[in-house]
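K.L.:
Questions regarding the structure given below will be posed in turn.
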Amino acid sequence: DDSAYLVDVGAPVIDILVKQGYDLSKIKGIFITHRHGDHMNGLFDIQYLAGVYEMRCKVYVPEQRIIDFMQEYFAMQFGDMQNELITYEVIEEGVCCIDSGLKVMPFQTAHMEASYGFVIEHEGIKVCITGDLSATLEDFPQDLKNENISLLVTECAHFDLDVIMKKIKESNLKK
């Protein structure tokens with residue numbers, strides 16, 4: 001169907017999508033890798049503007065305190081009004097979302113206490129999104145050697161590019 005999903009939402013995500021003419025009501029799920037602002041600060045705008053853009057989606061977060069914080073933030077804005085458009089769920093390893101043929105399998109990373117990457121599968125295509133990894137890359141997904149991953153998306157800010165390129169070359173990746 002026409003459903004869309006986001007992994008991590010930095011602060012300007014809504015502005016960028018609106019400027020590009022994207023129909024935000026298509027977004028059915030958001031997966032947050034960890035609680036750093038460059039990965040989740042866009043949730044504030046999403047939560048605030050969900051009614052304006054007819055968004056109804058579930059946000060998967062790595063820890064309960066994010067849910068508590070976002071609920072408190074919503075209450076500060078709107079008082080006792082309930083936010084029924086945006087719902088939250090804590091990520092657990094295994095399969096956290098099967099929707100419209102989409103299968104999302106989170107895996108723990110060592111970037112911080114509660115951080116995840118995701119393998120997303122749809123119609124035989126697998127994408128691995130690592131989020132941030134540790135500086136030593138000890139948490140680089142080992143099963144990429146055995147999986148048939150179509151695309152790897154990883155942030156390269158915390159380690160030497162030569163080190164991750166060696167890991168990538170050892171993997172069974174298409175892109």
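Naming works like this for the structure tokens: A, B, ... for the chains as they're shown, residue 1 at the start of each chain, ligands 1 onward in shown order.
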DSSP says strand (DSSP E) for which residues of segment 9-175 of chain A? Put them as a ChimeraX atom specification?
P.N.:
/A:27-31,57-61,86-90,97-99,102-108,116-122,125-129,151-153
K.L.:
Export, as a compact mmCIF listing (two decimals), in the first residue's frame, the selected residues with N, CA and C atoms.
P.N.:
# COMPACT_ATOMS: atom_id res chain seq x y z
N ILE A 27 2.73 8.34 6.53
CA ILE A 27 3.71 7.82 7.50
C ILE A 27 2.97 7.01 8.57
N LYS A 28 3.28 5.72 8.63
CA LYS A 28 2.60 4.81 9.56
C LYS A 28 3.47 4.40 10.73
N GLY A 29 4.78 4.57 10.60
CA GLY A 29 5.67 4.17 11.68
C GLY A 29 6.97 4.95 11.64
N ILE A 30 7.51 5.17 12.83
CA ILE A 30 8.80 5.85 12.98
C ILE A 30 9.63 5.01 13.95
N PHE A 31 10.86 4.74 13.57
CA PHE A 31 11.77 3.94 14.39
C PHE A 31 12.93 4.82 14.83
N CYS A 57 0.44 7.48 13.46
CA CYS A 57 1.54 6.52 13.36
C CYS A 57 2.00 6.07 14.74
N LYS A 58 2.71 4.97 14.70
CA LYS A 58 3.32 4.43 15.91
C LYS A 58 4.80 4.76 15.87
N VAL A 59 5.32 5.21 17.01
CA VAL A 59 6.73 5.54 17.13
C VAL A 59 7.38 4.49 18.03
N TYR A 60 8.37 3.82 17.49
CA TYR A 60 9.11 2.80 18.24
C TYR A 60 10.37 3.44 18.80
N VAL A 61 10.51 3.42 20.12
CA VAL A 61 11.63 4.09 20.79
C VAL A 61 12.43 3.09 21.62
N ILE A 86 -0.51 9.89 17.61
CA ILE A 86 0.86 9.36 17.71
C ILE A 86 0.93 8.47 18.95
N THR A 87 1.24 7.21 18.75
CA THR A 87 1.38 6.29 19.87
C THR A 87 2.83 5.81 19.92
N TYR A 88 3.24 5.37 21.08
CA TYR A 88 4.63 4.97 21.30
C TYR A 88 4.71 3.54 21.79
N GLU A 89 5.79 2.88 21.43
CA GLU A 89 6.06 1.53 21.90
C GLU A 89 7.56 1.37 22.08
N VAL A 90 7.95 0.69 23.16
CA VAL A 90 9.37 0.44 23.42
C VAL A 90 9.83 -0.71 22.53
N CYS A 97 7.73 -4.97 14.27
CA CYS A 97 6.68 -4.43 13.41
C CYS A 97 6.52 -5.33 12.21
N ILE A 98 5.33 -5.81 12.03
CA ILE A 98 4.99 -6.47 10.78
C ILE A 98 3.72 -5.78 10.31
N ASP A 99 3.83 -5.05 9.23
CA ASP A 99 2.71 -4.25 8.75
C ASP A 99 2.82 -4.16 7.24
N LEU A 102 5.77 -5.45 5.73
CA LEU A 102 7.03 -4.89 6.22
C LEU A 102 7.41 -5.60 7.52
N LYS A 103 8.63 -6.07 7.58
CA LYS A 103 9.13 -6.75 8.77
C LYS A 103 10.34 -5.96 9.27
N VAL A 104 10.30 -5.52 10.53
CA VAL A 104 11.39 -4.74 11.11
C VAL A 104 11.98 -5.53 12.27
N MET A 105 13.28 -5.80 12.17
CA MET A 105 13.97 -6.58 13.19
C MET A 105 15.06 -5.73 13.83
N PRO A 106 14.83 -5.24 15.05
CA PRO A 106 15.84 -4.42 15.73
C PRO A 106 16.98 -5.26 16.28
N PHE A 107 18.16 -4.65 16.35
CA PHE A 107 19.30 -5.29 17.01
C PHE A 107 20.01 -4.23 17.84
N GLN A 108 20.50 -4.65 18.99
CA GLN A 108 21.16 -3.75 19.94
C GLN A 108 22.50 -3.30 19.39
N TYR A 116 19.70 1.07 19.07
CA TYR A 116 19.37 -0.02 18.15
C TYR A 116 19.70 0.32 16.72
N GLY A 117 19.85 -0.70 15.93
CA GLY A 117 19.85 -0.64 14.49
C GLY A 117 18.67 -1.49 14.04
N PHE A 118 18.38 -1.48 12.76
CA PHE A 118 17.22 -2.23 12.26
C PHE A 118 17.56 -2.91 10.94
N VAL A 119 17.07 -4.14 10.80
CA VAL A 119 17.03 -4.78 9.49
C VAL A 119 15.56 -4.74 9.09
N ILE A 120 15.31 -4.13 7.95
CA ILE A 120 13.95 -3.94 7.46
C ILE A 120 13.80 -4.78 6.20
N GLU A 121 12.76 -5.59 6.17
CA GLU A 121 12.55 -6.48 5.03
C GLU A 121 11.17 -6.25 4.44
N HIS A 122 11.13 -6.17 3.11
CA HIS A 122 9.87 -6.03 2.40
C HIS A 122 10.03 -6.67 1.02
N ILE A 125 13.47 -7.77 -0.13
CA ILE A 125 14.55 -6.78 -0.07
C ILE A 125 14.84 -6.49 1.39
N LYS A 126 16.11 -6.56 1.76
CA LYS A 126 16.53 -6.29 3.14
C LYS A 126 17.45 -5.08 3.18
N VAL A 127 17.11 -4.15 4.08
CA VAL A 127 17.92 -2.97 4.30
C VAL A 127 18.36 -2.98 5.75
N CYS A 128 19.63 -2.75 6.00
CA CYS A 128 20.15 -2.65 7.36
C CYS A 128 20.49 -1.19 7.63
N ILE A 129 19.85 -0.63 8.66
CA ILE A 129 20.13 0.74 9.09
C ILE A 129 20.72 0.63 10.49
N LEU A 151 20.97 -3.21 1.01
CA LEU A 151 21.50 -1.87 1.25
C LEU A 151 21.88 -1.72 2.71
N LEU A 152 23.04 -1.15 2.97
CA LEU A 152 23.47 -0.80 4.32
C LEU A 152 23.49 0.71 4.44
N VAL A 153 22.82 1.23 5.47
CA VAL A 153 22.85 2.66 5.77
C VAL A 153 23.46 2.80 7.16
K.L.:
My list of candidates is A:Met55, A:Ile149, A:Leu43, A:Leu49. Which is closest to Gln71 of chain A when distances are computed with only C-alpha atoms?
P.N.:
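For Gln71 of chain A, the nearest of the given residues is A:Leu43.
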K.L.:
Please indicate the distance in Å from atom CA of Leu133 of chain A to atom CA of Leu17 of chain A, rounded to one decimal place.
P.N.:
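These two atoms are separated by 26.5 Å.
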K.L.:
One decimal, Å: what's the distance from atom CA of Ile32 of chain A over to atom CA of Val9 of chain A, could you say?
P.N.:
7.4 Å
